[in-house]
Each structure stands twice: as C-alpha cells, then as structure tokens.
$ cat query-v7.tsv   # TSV, C-alpha atoms and all ligand atoms
chain	number	residue	atom	x	y	z
A	1	MET	CA	-7.75	13.11	-21.63
A	2	SER	CA	-9.00	11.54	-24.87
A	3	ASP	CA	-12.40	12.46	-26.31
A	4	LYS	CA	-13.65	8.98	-25.46
A	5	MET	CA	-12.67	9.44	-21.84
A	6	LYS	CA	-14.14	12.95	-21.70
A	7	ASN	CA	-17.45	11.62	-23.03
A	8	LEU	CA	-17.47	8.83	-20.48
A	9	LYS	CA	-16.89	11.31	-17.70
A	10	ILE	CA	-19.71	13.58	-18.84
A	11	LYS	CA	-22.10	10.67	-19.28
A	12	LEU	CA	-21.19	9.08	-15.95
A	13	GLU	CA	-21.64	12.32	-14.03
A	14	GLU	CA	-24.94	13.00	-15.75
A	15	MET	CA	-26.34	9.53	-15.12
A	16	ILE	CA	-25.07	9.30	-11.55
A	17	LYS	CA	-26.66	12.65	-10.71
A	18	LYS	CA	-29.99	11.55	-12.22
A	19	ALA	CA	-30.11	8.16	-10.50
A	20	SER	CA	-31.80	7.44	-7.17
A	21	SER	CA	-29.03	5.03	-6.21
A	22	ILE	CA	-25.99	3.62	-7.96
A	23	PHE	CA	-24.87	0.00	-7.89
A	24	ILE	CA	-21.37	-0.88	-8.99
A	25	ILE	CA	-20.43	-4.42	-9.88
A	26	GLY	CA	-17.29	-6.19	-11.04
A	27	HIS	CA	-16.93	-9.80	-12.13
A	28	ASN	CA	-17.52	-12.80	-9.90
A	29	GLU	CA	-14.40	-14.00	-8.09
A	30	PRO	CA	-13.12	-10.43	-8.00
A	31	ASP	CA	-9.51	-9.41	-8.52
A	32	PHE	CA	-7.67	-6.18	-7.71
A	33	ASP	CA	-8.74	-4.57	-10.96
A	34	SER	CA	-12.46	-5.19	-10.60
A	35	LEU	CA	-12.63	-4.34	-6.89
A	36	GLY	CA	-10.19	-1.42	-7.10
A	37	SER	CA	-12.02	0.17	-10.02
A	38	ALA	CA	-15.36	-0.43	-8.27
A	39	ILE	CA	-14.14	1.38	-5.16
A	40	GLY	CA	-12.86	4.20	-7.39
A	41	LEU	CA	-16.32	4.52	-8.94
A	42	GLN	CA	-17.91	4.53	-5.51
A	43	VAL	CA	-15.61	7.45	-4.64
A	44	LEU	CA	-16.99	9.24	-7.71
A	45	CYS	CA	-20.54	8.68	-6.35
A	46	GLN	CA	-19.45	10.12	-3.01
A	47	ILE	CA	-17.89	13.15	-4.71
A	48	LEU	CA	-21.21	13.70	-6.49
A	49	GLN	CA	-23.01	13.11	-3.17
A	50	LYS	CA	-25.07	10.18	-4.40
A	51	PRO	CA	-25.72	6.89	-2.60
A	52	GLY	CA	-23.53	4.23	-4.19
A	53	TYR	CA	-23.06	0.56	-3.38
A	54	ILE	CA	-20.59	-2.08	-4.52
A	55	ILE	CA	-22.11	-5.52	-5.03
A	56	LEU	CA	-19.75	-8.32	-4.04
A	57	ASP	CA	-21.67	-11.53	-3.59
A	58	ASP	CA	-18.85	-14.08	-3.34
A	59	GLU	CA	-18.43	-15.95	-0.07
A	60	ASP	CA	-15.53	-14.72	2.05
A	61	ILE	CA	-13.78	-18.09	2.14
A	62	LYS	CA	-13.57	-18.14	-1.64
A	63	LEU	CA	-11.97	-14.70	-1.90
A	64	ASP	CA	-8.30	-14.23	-2.68
A	65	PRO	CA	-6.51	-13.16	0.57
A	66	GLY	CA	-5.59	-9.74	-0.84
A	67	ILE	CA	-9.18	-9.12	-1.92
A	68	LYS	CA	-10.46	-10.19	1.48
A	69	LYS	CA	-8.06	-7.73	3.10
A	70	ILE	CA	-9.39	-4.85	0.95
A	71	LYS	CA	-12.99	-5.89	1.57
A	72	ASP	CA	-12.55	-6.00	5.35
A	73	GLU	CA	-10.85	-2.62	5.36
A	74	TYR	CA	-13.32	-0.80	3.12
A	75	GLN	CA	-16.66	-2.59	3.44
A	76	LYS	CA	-18.24	0.07	5.67
A	77	LYS	CA	-16.64	3.12	4.16
A	78	TYR	CA	-17.53	2.25	0.58
A	79	HIS	CA	-20.73	0.26	1.15
A	80	ILE	CA	-19.78	-3.16	-0.12
A	81	ILE	CA	-23.00	-5.21	-0.09
A	82	LYS	CA	-24.35	-8.65	-0.98
A	83	LYS	CA	-26.89	-9.41	-3.69
A	84	GLU	CA	-29.76	-9.57	-1.16
A	85	GLU	CA	-29.17	-5.98	-0.10
A	86	PHE	CA	-29.10	-4.88	-3.72
A	87	LEU	CA	-32.51	-6.50	-4.23
A	88	GLU	CA	-33.90	-4.55	-1.26
A	89	LYS	CA	-32.39	-1.24	-2.29
A	90	LYS	CA	-32.85	-1.07	-6.06
A	91	ASP	CA	-35.75	0.83	-7.60
A	92	ARG	CA	-36.93	2.10	-10.98
A	93	HIS	CA	-34.38	4.91	-11.02
A	94	SER	CA	-31.31	2.93	-10.07
A	95	LEU	CA	-28.17	2.99	-12.16
A	96	LEU	CA	-25.89	-0.02	-12.59
A	97	ILE	CA	-22.24	0.46	-13.44
A	98	MET	CA	-20.39	-2.65	-14.56
A	99	THR	CA	-16.63	-2.42	-14.28
A	100	ASP	CA	-13.94	-4.82	-15.54
A	101	VAL	CA	-16.70	-7.04	-16.92
A	102	ASN	CA	-19.23	-6.91	-19.75
A	103	LYS	CA	-20.74	-10.40	-19.88
A	104	ASP	CA	-23.94	-11.40	-18.10
A	105	TYR	CA	-22.73	-14.80	-16.88
A	106	MET	CA	-19.83	-13.20	-15.01
A	107	ILE	CA	-21.90	-11.08	-12.63
A	108	SER	CA	-23.92	-12.17	-9.62
A	109	ILE	CA	-27.09	-10.21	-10.50
A	110	LYS	CA	-27.54	-11.42	-14.07
A	111	ASP	CA	-31.14	-12.48	-13.38
A	112	TYR	CA	-32.17	-8.94	-12.46
A	113	LEU	CA	-30.69	-6.92	-15.33
A	114	GLN	CA	-34.13	-6.39	-16.90
A	115	GLU	CA	-35.24	-4.53	-13.81
A	116	ILE	CA	-32.54	-1.87	-14.08
A	117	PRO	CA	-33.33	0.93	-16.54
A	118	ASN	CA	-29.81	2.31	-16.97
A	119	ILE	CA	-26.57	0.42	-17.28
A	120	ILE	CA	-23.10	1.79	-17.95
A	121	ILE	CA	-20.25	-0.56	-18.83
A	122	LEU	CA	-16.62	0.32	-18.42
A	123	ASP	CA	-14.30	-2.48	-19.43
A	124	HIS	CA	-11.24	-3.71	-21.29
A	125	HIS	CA	-12.36	-7.23	-22.27
A	126	ASN	CA	-13.66	-8.46	-25.63
A	127	GLU	CA	-17.37	-8.24	-26.29
A	128	ASP	CA	-19.44	-11.19	-27.47
A	129	GLU	CA	-23.04	-12.36	-27.61
A	130	HIS	CA	-23.19	-12.40	-23.80
A	131	THR	CA	-22.29	-8.71	-23.50
A	132	VAL	CA	-24.97	-6.95	-21.47
A	133	LYS	CA	-27.09	-4.36	-23.32
A	134	SER	CA	-26.16	-0.99	-21.93
A	135	THR	CA	-27.22	2.65	-22.06
A	136	TYR	CA	-23.63	3.74	-22.40
A	137	LYS	CA	-20.35	1.89	-22.60
A	138	LEU	CA	-16.64	2.35	-22.91
A	139	ILE	CA	-15.12	-0.99	-23.80
A	140	ASP	CA	-11.60	-0.75	-25.14
A	141	THR	CA	-9.29	-3.77	-25.23
A	142	ASN	CA	-6.30	-1.49	-25.80
A	143	ILE	CA	-6.59	-0.08	-22.30
A	144	SER	CA	-4.65	-2.07	-19.71
A	145	SER	CA	-7.32	-2.28	-17.05
A	146	ALA	CA	-10.56	-0.89	-15.68
A	147	SER	CA	-8.41	0.78	-13.02
A	148	GLU	CA	-6.61	2.75	-15.73
A	149	ILE	CA	-9.98	4.11	-16.90
A	150	VAL	CA	-11.20	4.95	-13.39
A	151	ALA	CA	-7.86	6.53	-12.42
A	152	GLN	CA	-8.22	8.93	-15.35
A	153	LEU	CA	-11.78	9.76	-14.27
A	154	LEU	CA	-10.64	10.57	-10.74
A	155	HIS	CA	-7.53	12.55	-11.61
A	156	SER	CA	-9.37	15.86	-11.83
A	157	TYR	CA	-11.12	15.53	-8.46
A	158	LYS	CA	-10.01	16.09	-4.90
A	159	PHE	CA	-11.38	13.53	-2.45
A	160	PRO	CA	-10.63	12.11	1.00
A	161	ASN	CA	-8.44	9.05	1.45
A	162	CYS	CA	-6.84	9.82	-1.89
A	163	LYS	CA	-3.57	7.96	-1.22
A	164	LYS	CA	-5.36	4.73	-0.38
A	165	ILE	CA	-7.64	4.92	-3.40
A	166	CYS	CA	-4.68	5.62	-5.67
A	167	SER	CA	-2.91	2.57	-4.21
A	168	LEU	CA	-5.90	0.34	-4.98
A	169	LEU	CA	-6.07	1.59	-8.57
A	170	LEU	CA	-2.33	1.07	-8.95
A	171	ALA	CA	-2.79	-2.52	-7.74
A	172	GLY	CA	-5.38	-3.04	-10.50
A	173	ILE	CA	-2.98	-1.79	-13.14
A	174	VAL	CA	-0.04	-3.77	-11.76
A	175	LEU	CA	-2.13	-6.95	-11.81
A	176	ASP	CA	-3.55	-6.63	-15.30
A	177	THR	CA	-0.28	-5.54	-16.89
A	178	LYS	CA	1.69	-8.22	-15.06
A	179	ARG	CA	3.86	-5.42	-13.72
A	180	TYR	CA	3.93	-3.46	-16.98
A	181	MET	CA	5.00	-6.45	-19.06
A	182	LYS	CA	1.68	-6.80	-20.94
A	183	ASN	CA	-1.02	-4.54	-22.39
A	184	THR	CA	0.98	-1.52	-21.35
A	185	THR	CA	0.91	1.71	-23.33
A	186	SER	CA	2.62	5.02	-22.64
A	187	LYS	CA	-0.77	6.14	-21.31
A	188	THR	CA	-0.66	3.32	-18.74
A	189	HIS	CA	2.70	4.60	-17.48
A	190	ASP	CA	1.32	8.12	-17.48
A	191	VAL	CA	-1.66	7.12	-15.36
A	192	ALA	CA	0.47	5.01	-13.00
A	193	GLU	CA	2.92	7.88	-12.59
A	194	LYS	CA	0.10	10.22	-11.68
A	195	LEU	CA	-1.22	7.72	-9.12
A	196	MET	CA	2.26	7.60	-7.58
A	197	ARG	CA	2.42	11.39	-7.47
A	198	ARG	CA	-0.93	11.46	-5.68
A	199	GLY	CA	0.51	9.20	-3.03
A	200	ALA	CA	-0.03	5.58	-4.14
A	201	ASP	CA	2.07	3.36	-1.90
A	202	SER	CA	3.97	0.65	-3.76
A	203	ASP	CA	4.83	-1.16	-0.52
A	204	TYR	CA	1.12	-1.57	0.14
A	205	VAL	CA	0.56	-2.71	-3.45
A	206	ASN	CA	3.34	-5.27	-3.12
A	207	SER	CA	1.87	-6.52	0.16
A	208	LEU	CA	-1.37	-7.33	-1.66
A	209	PHE	CA	0.52	-9.56	-4.07
A	210	LEU	CA	2.28	-11.65	-1.44
A	211	THR	CA	1.38	-15.31	-1.80
A	212	GLU	CA	1.01	-17.91	0.87
A	213	PHE	CA	3.97	-20.26	1.09
A	214	ALA	CA	1.69	-23.31	1.04
A	215	GLN	CA	-0.26	-22.01	-1.93
A	216	ASP	CA	2.88	-21.52	-3.98
A	217	GLY	CA	3.89	-25.09	-3.18
A	218	LYS	CA	0.53	-26.35	-4.40
A	219	ILE	CA	0.95	-24.46	-7.67
A	220	GLN	CA	4.50	-25.71	-8.19
A	221	LEU	CA	3.35	-29.28	-7.63
A	222	LEU	CA	0.48	-28.85	-10.07
A	223	ILE	CA	2.88	-27.72	-12.78
A	224	HIS	CA	5.92	-29.87	-12.07
A	225	SER	CA	4.66	-33.18	-10.68
A	226	LYS	CA	5.57	-35.95	-13.05
A	227	GLY	CA	3.16	-36.22	-15.93
A	228	ASN	CA	0.92	-33.33	-14.94
A	229	THR	CA	1.97	-31.14	-17.87
A	230	ILE	CA	1.59	-32.42	-21.42
A	231	VAL	CA	3.16	-30.56	-24.32
A	232	GLN	CA	1.40	-30.83	-27.66
A	233	GLU	CA	3.22	-29.71	-30.74
A	234	TYR	CA	1.13	-28.27	-33.52
A	235	ALA	CA	3.22	-28.71	-36.65
A	236	GLN	CA	3.73	-26.36	-39.55
A	237	GLY	CA	0.78	-26.19	-41.87
A	238	THR	CA	-1.62	-25.75	-39.02
A	239	LEU	CA	-2.86	-22.52	-37.54
A	240	PHE	CA	0.11	-22.10	-35.29
A	241	ASP	CA	2.95	-23.08	-37.69
A	242	ILE	CA	5.11	-24.82	-35.11
A	243	ARG	CA	3.72	-23.97	-31.75
A	244	ASN	CA	3.77	-25.72	-28.44
A	245	VAL	CA	0.66	-25.81	-26.35
A	246	THR	CA	0.80	-27.12	-22.79
A	247	PHE	CA	-2.02	-28.81	-20.88
A	248	THR	CA	-1.65	-29.04	-17.13
A	249	LEU	CA	-3.84	-30.80	-14.61
A	250	ASN	CA	-3.40	-32.93	-11.52
A	251	ARG	CA	-3.32	-36.33	-13.19
A	252	GLU	CA	-2.54	-38.31	-10.06
A	253	ASN	CA	-5.41	-36.80	-8.11
A	254	PRO	CA	-7.77	-35.28	-10.71
A	255	ASP	CA	-10.51	-34.50	-8.17
A	256	MET	CA	-8.32	-32.23	-6.04
A	257	ILE	CA	-10.01	-28.88	-5.42
A	258	TYR	CA	-8.09	-25.75	-6.35
A	259	HIS	CA	-8.73	-22.08	-5.85
A	260	LYS	CA	-9.33	-20.21	-9.09
A	261	VAL	CA	-6.32	-18.01	-8.37
A	262	GLU	CA	-4.10	-21.11	-8.14
A	263	ILE	CA	-5.19	-22.27	-11.57
A	264	ALA	CA	-4.73	-18.81	-13.07
A	265	THR	CA	-1.30	-18.41	-11.48
A	266	ALA	CA	-0.24	-21.83	-12.77
A	267	ALA	CA	-1.28	-20.83	-16.31
A	268	ASP	CA	0.70	-17.59	-16.01
A	269	LYS	CA	3.74	-19.47	-14.72
A	270	MET	CA	3.67	-21.92	-17.62
A	271	LEU	CA	4.20	-19.08	-20.09
A	272	LYS	CA	7.55	-18.33	-18.47
A	273	PHE	CA	8.88	-21.55	-19.95
A	274	LYS	CA	10.15	-21.92	-23.50
A	275	ILE	CA	8.06	-25.05	-23.99
A	276	ALA	CA	4.79	-23.09	-23.95
A	277	ASP	CA	3.51	-20.73	-26.64
A	278	ALA	CA	0.12	-21.14	-25.04
A	279	SER	CA	-0.85	-22.81	-21.79
A	280	PHE	CA	-4.04	-24.32	-20.52
A	281	VAL	CA	-4.39	-25.27	-16.87
A	282	LEU	CA	-7.43	-27.23	-15.69
A	283	GLY	CA	-8.59	-27.88	-12.16
A	284	HIS	CA	-11.71	-28.54	-10.16
A	285	THR	CA	-12.82	-25.46	-8.24
A	286	GLU	CA	-15.85	-27.44	-7.08
A	287	PRO	CA	-16.55	-31.17	-7.42
A	288	SER	CA	-18.80	-30.50	-10.41
A	289	ILE	CA	-16.99	-27.48	-11.84
A	290	VAL	CA	-13.82	-27.60	-13.92
A	291	THR	CA	-12.10	-24.23	-14.22
A	292	ILE	CA	-9.76	-23.60	-17.12
A	293	SER	CA	-7.23	-20.79	-17.35
A	294	ALA	CA	-5.73	-20.15	-20.78
A	295	ARG	CA	-2.76	-17.94	-21.60
A	296	SER	CA	-0.95	-17.18	-24.83
A	297	ARG	CA	2.04	-15.19	-25.99
A	298	GLY	CA	-0.20	-13.66	-28.61
A	299	ASP	CA	-0.27	-15.60	-31.85
A	300	ILE	CA	-2.64	-18.26	-30.58
A	301	ASP	CA	-6.05	-16.80	-29.79
A	302	VAL	CA	-6.98	-18.61	-26.59
A	303	GLY	CA	-10.15	-16.53	-26.20
A	304	GLU	CA	-11.42	-17.92	-29.49
A	305	ILE	CA	-10.60	-21.48	-28.41
A	306	MET	CA	-12.28	-21.08	-25.02
A	307	LYS	CA	-15.44	-19.67	-26.60
A	308	HIS	CA	-16.33	-23.25	-27.54
A	309	PHE	CA	-17.28	-23.92	-23.93
A	310	LYS	CA	-20.33	-22.46	-22.23
A	311	ASN	CA	-19.62	-19.58	-19.83
A	312	SER	CA	-16.14	-19.24	-21.25
A	313	GLY	CA	-14.11	-16.88	-23.40
A	314	GLY	CA	-11.77	-13.96	-23.08
A	315	ASN	CA	-9.03	-12.11	-24.85
A	316	LYS	CA	-6.44	-13.41	-27.28
A	317	GLU	CA	-3.78	-13.75	-24.60
A	318	ASN	CA	-5.88	-14.28	-21.52
A	319	ALA	CA	-9.01	-16.39	-21.30
A	320	GLY	CA	-10.80	-18.91	-19.17
A	321	GLY	CA	-14.00	-20.57	-18.23
A	322	LYS	CA	-16.00	-22.54	-15.73
A	323	ILE	CA	-17.34	-25.77	-17.14
A	324	GLU	CA	-19.96	-27.90	-15.47
A	325	ALA	CA	-18.32	-31.31	-15.41
A	326	THR	CA	-17.14	-34.00	-13.05
A	327	ASP	CA	-14.68	-35.67	-15.44
A	328	ILE	CA	-11.76	-33.31	-15.86
A	329	LEU	CA	-9.96	-35.61	-18.30
A	330	ALA	CA	-12.99	-35.54	-20.61
A	331	VAL	CA	-12.91	-31.75	-20.51
A	332	GLU	CA	-9.23	-31.78	-21.45
A	333	LYS	CA	-9.95	-34.12	-24.34
A	334	GLU	CA	-12.70	-31.84	-25.58
A	335	LEU	CA	-10.35	-28.88	-25.30
A	336	MET	CA	-7.65	-30.62	-27.34
A	337	GLN	CA	-10.19	-31.59	-29.98
A	338	GLN	CA	-11.46	-28.04	-30.11
A	339	ILE	CA	-7.95	-26.81	-30.88
A	340	GLU	CA	-7.62	-29.37	-33.71
A	341	TRP	CA	-11.02	-28.49	-35.14
A	342	GLY	CA	-10.31	-24.81	-34.85
A	343	LEU	CA	-7.41	-25.04	-37.27
A	344	PRO	CA	-8.21	-23.04	-40.39
A	345	LYS	CA	-8.86	-24.59	-43.76
A	346	GLU	CA	-6.18	-24.36	-46.42
A	347	LYS	CA	-7.77	-21.34	-48.11
A	348	GLU	CA	-8.04	-19.31	-44.95
A	349	ARG	CA	-4.39	-19.98	-44.31
A	350	GLU	CA	-3.58	-18.48	-47.68
A	351	LYS	CA	-5.42	-15.35	-46.58
A	352	ILE	CA	-3.39	-15.18	-43.39
A	353	LYS	CA	-0.15	-15.45	-45.40
A	354	VAL	CA	-1.21	-12.69	-47.80
A	355	LYS	CA	-2.01	-10.44	-44.90
A	356	LYS	CA	1.44	-10.94	-43.44
A	357	ILE	CA	3.14	-10.06	-46.75
A	358	GLU	CA	1.03	-6.93	-47.14
A	359	LYS	CA	2.02	-5.86	-43.67
A	360	ARG	CA	5.70	-6.25	-44.48
A	361	LYS	CA	5.39	-3.84	-47.42
A	362	ASP	CA	4.20	-1.02	-45.19
B	401	MN	MN	-9.20	-6.15	-15.51
$ encode --input "query-v7.tsv" --output "structure tokens"
Amino acid sequence: MSDKMKNLKIKLEEMIKKASSIFIIGHNEPDFDSLGSAIGLQVLCQILQKPGYIILDDEDIKLDPGIKKIKDEYQKKYHIIKKEEFLEKKDRHSLLIMTDVNKDYMISIKDYLQEIPNIIILDHHNEDEHTVKSTYKLIDTNISSASEIVAQLLHSYKFPNCKKICSLLLAGIVLDTKRYMKNTTSKTHDVAEKLMRRGADSDYVNSLFLTEFAQDGKIQLLIHSKGNTIVQEYAQGTLFDIRNVTFTLNRENPDMIYHKVEIATAADKMLKFKIADASFVLGHTEPSIVTISARSRGDIDVGEIMKHFKNSGGNKENAGGKIEATDILAVEKELMQQIEWGLPKEKEREKIKVKKIEKRKD
C-alpha cells in the first residue's frame, strides 16, 4: 500500500470513529463506480461499528437498470437513503465522504455542504473551481476508479458478504477502465486480481453490463441514422494537427429524450471508429436539458473544451455536461465555436512543439 493510501486509511478510520454519523455520496446519475465504492465505504463504517448512510437521491425510473438492481438488492443492508432522510439525520458531528466525485454541482446535497463540519473526498477526476472544500482528500487522476481506492482500503479487513462487495468493486473498475483498456496501471490489475481471489464473481459483473436490446437499437440509430453524425476536420496548424472530431445528435428528431447512459454509450462507441479522434454526442435528457458526452483518444483535451459550459467539465479523455437549453442545435454550434476559439495562438503552439522535441531527447 502506498503512503498516500496508508494516510487515507488512517485519516478515514480516525474521522469515522469520531463522527456521530457518516454520510457517503457519489455523483448524481450514479454508475457502478460511484455506487460500488459508496457501498464499500459503508462496509468500512460497519466494520468500525458506526452508523453510515449512502445518499442516492435520483428517481428510480432514471437509474440505469444495473444500478437499480444493486440498489434494490442492497438498500436495506447498506442504508441507501434519499436527501430528505439525510436532512433529518445529519447533525453537527456528521461526516460526509464524497466518492467518485469532487464537484459541488454533481451531488444532490450541494446546498447543505456548509452545515457539515467534516468532509473527506476520495476521487479520480480532475479538480477545478467547483471542487468542494474538504478536511481531507485523496484525488488522483492516475488511479483508475474510486473502486480501486476503496478496494485497497478494504483488503486488510474481514467482513461479511465479502464476495458480493468484491464483485461490486470489480464492476466499478471494469466500467471505468473500459475492461482494462483505459486508465489501467499494474496496480489496477493487482487490485482486481485480489478482488477475484476474495471471491468476486465475473459472471455477476458481466450481468450488470448487459444492455437492453431496444436500448442498443436506439443508440445505433442515434449514431448511424443518415446525417446524425458530422465529422469536422481540424487541419494542420491548429491545436490538433489533423484531427477528426465527430458531432452526433438526432437531427431528424432533435427533441427526442435520451437516457444519459445512452448518450455516454454512443460517445464511447464513436471512438471505436477511425473517423473519430474525439467524439461529442448531444441529446436531450429533459426537454430543457441538453446532455453532452465527450470522449477523446487523448491528444484532444475534451475536459478543457467542456469547461466552457456551466456545470460541465471532466478529464482529458472523458468529459461531459448538462446544459440548460431547449435548442440542441444552438448548443452544438456553441460547442463547435468553442473548439475553434480554444485553438492556441501561434506562440503557444511553438511551446508545444519545443516540449515534444525535449521529450524525444530523454
Ligand atoms: Mn469513477
């Protein structure tokens, strides 16, 4: 275990033991990493014999089917609660642990952060001006997932239901690494291997990732229907040298409502094609909300591009946002303009070139 991880463990144990109650929260519209790591942290509270709660305020109908399945199975056992219950239960000695998230606009209790004296953040996403002020944090973008962090924390403990918990944490890692294709280090494999040895069930993990037949059809249509995907070429001399960026939205029926997961999956799928060095997929998730998912192979920083929009941002290769808008085509136009404007000035490009040459010398 690295020193950073050891420190986190010491700090977490100390603060959990001191707190009257512990609330654990992941990002809105939870995925396997945020919910899996939250359940893992709740297990840590149970090991330390402290009352812990997981706040999940999203409506059931908006949850991904796999997430809904986990919630239904574990709601009672691991005290998954809504925001209202958190408001009733919190007091001046409560501890909040944020996992898989560090930004205020991505959690359901952002209006109540001032009322919580101690906050610990454990995350693998970039920080920015919206990052919540915390008492202690471990934020490391080189770690694959929050589940990888929590798995390491739990490895030295014995606890009931271990196989199931290890399966959930493995699901988090599998999701965020795209099955070990991205953000994967030897440590990630190490942690995953240990989860398997403790009984993680890959059949169960795979079952969580099954998609609905109809949903896959909807995603394929979004990508492939004539005219839905536009490819923009950014020529040499711009930030990307020659790079193709794709923009996908339902142009025939722009008001169609999509699930966030459908938009994210479509953006992932686009990167499998040679035509896309970066992909942006836009869709209404509500009549007045346009959700964007942005993906990149790495040399286009989509997080930086998305930062232009309110409530948006992310990592270099994986970003997104929820924009308040009714006109999706206007949002796309703004996005395209943002990419043009974001191109560096001549001088900055010189700097980038110099950097590359210096690297080659090493
Ligand atoms: Mn994650």
$ residues_near_ligand --input "query-v7.tsv" --ligand "ligand MN 401 (chain B)" --cutoff "9 Å" --atoms "only C-alpha atoms and all ligand atoms" --output "list in words"
Asp31, Phe32, Asp33, Ser34, Ser37, Thr99, Asp100, Val101, Asp123, His124, His125, Ser144, Ser145, Ala146, Ser147, Gly172, Ile173, Leu175 and Asp176 of chain A
$ atom_distance --input "query-v7.tsv" --atom1 "CA of Leu335 in chain A" --atom2 "CA of Gly313 in chain A"
12.7 Å
$ residues_around --input "query-v7.tsv" --residues "Asp277 in chain A" --least-positions-apart "3" --cutoff "10 Å" --atoms "all atoms listed in the file" --output "compact mmCIF listing (two decimals) with C-alpha atoms, in the frame of the given file"
# COMPACT_ATOMS: atom_id res chain seq x y z
CA GLU A 233 3.22 -29.71 -30.74
CA PHE A 240 0.11 -22.10 -35.29
CA ILE A 242 5.11 -24.82 -35.11
CA ARG A 243 3.72 -23.97 -31.75
CA ASN A 244 3.77 -25.72 -28.44
CA VAL A 245 0.66 -25.81 -26.35
CA THR A 246 0.80 -27.12 -22.79
CA MET A 270 3.67 -21.92 -17.62
CA LEU A 271 4.20 -19.08 -20.09
CA LYS A 272 7.55 -18.33 -18.47
CA PHE A 273 8.88 -21.55 -19.95
CA LYS A 274 10.15 -21.92 -23.50
CA ARG A 295 -2.76 -17.94 -21.60
CA SER A 296 -0.95 -17.18 -24.83
CA ARG A 297 2.04 -15.19 -25.99
CA GLY A 298 -0.20 -13.66 -28.61
CA ASP A 299 -0.27 -15.60 -31.85
CA ILE A 300 -2.64 -18.26 -30.58
$ residues_around --input "query-v7.tsv" --residues "Ala264 in chain A" --least-positions-apart "4" --cutoff "8 Å" --atoms "all atoms listed in the file" --output "VMD selection string"
chain A and resid 260 268 281 293 to 294
$ closest_residue --input "query-v7.tsv" --among "A:Leu221, A:Ala151, A:Ala278, A:Ala325" --to "Ile305 in chain A" --atoms "only C-alpha atoms"
A:Ala278
$ closest_residue --input "query-v7.tsv" --among "A:Glu332, A:Glu340, A:Glu193, A:Glu262" --to "Gly217 in chain A" --atoms "all atoms listed in the file"
A:Glu262
$ atom_distance --input "query-v7.tsv" --atom1 "CA of Ile323 in chain A" --atom2 "CA of Asn28 in chain A"
14.9 Å
$ residues_around --input "query-v7.tsv" --residues "Phe159 in chain A" --least-positions-apart "3" --cutoff "8 Å" --atoms "only C-alpha atoms" --output "ChimeraX atom specification"
/A:43,47,162
$ residues_near_point --input "query-v7.tsv" --point "(-31.2, -10.1, -14.7)" --cutoff "12 Å" --atoms "only C-alpha atoms" --output "list in words"
Lys83, Leu87, Leu96, Lys103, Asp104, Tyr105, Met106, Ile107, Ser108, Ile109, Lys110, Asp111, Tyr112, Leu113, Gln114, Glu115, Ile116, Pro117, Ile119, Val132 and Lys133 of chain A
$ closest_residue --input "query-v7.tsv" --among "A:Ala319, A:Ile257, A:Ile139, A:Met181" --to "Lys4 in chain A" --atoms "all atoms listed in the file"
A:Ile139
$ closest_residue --input "query-v7.tsv" --among "A:Val261, A:Glu324, A:Ile230, A:Ala171" --to "Asn206 in chain A" --atoms "all atoms listed in the file"
A:Ala171
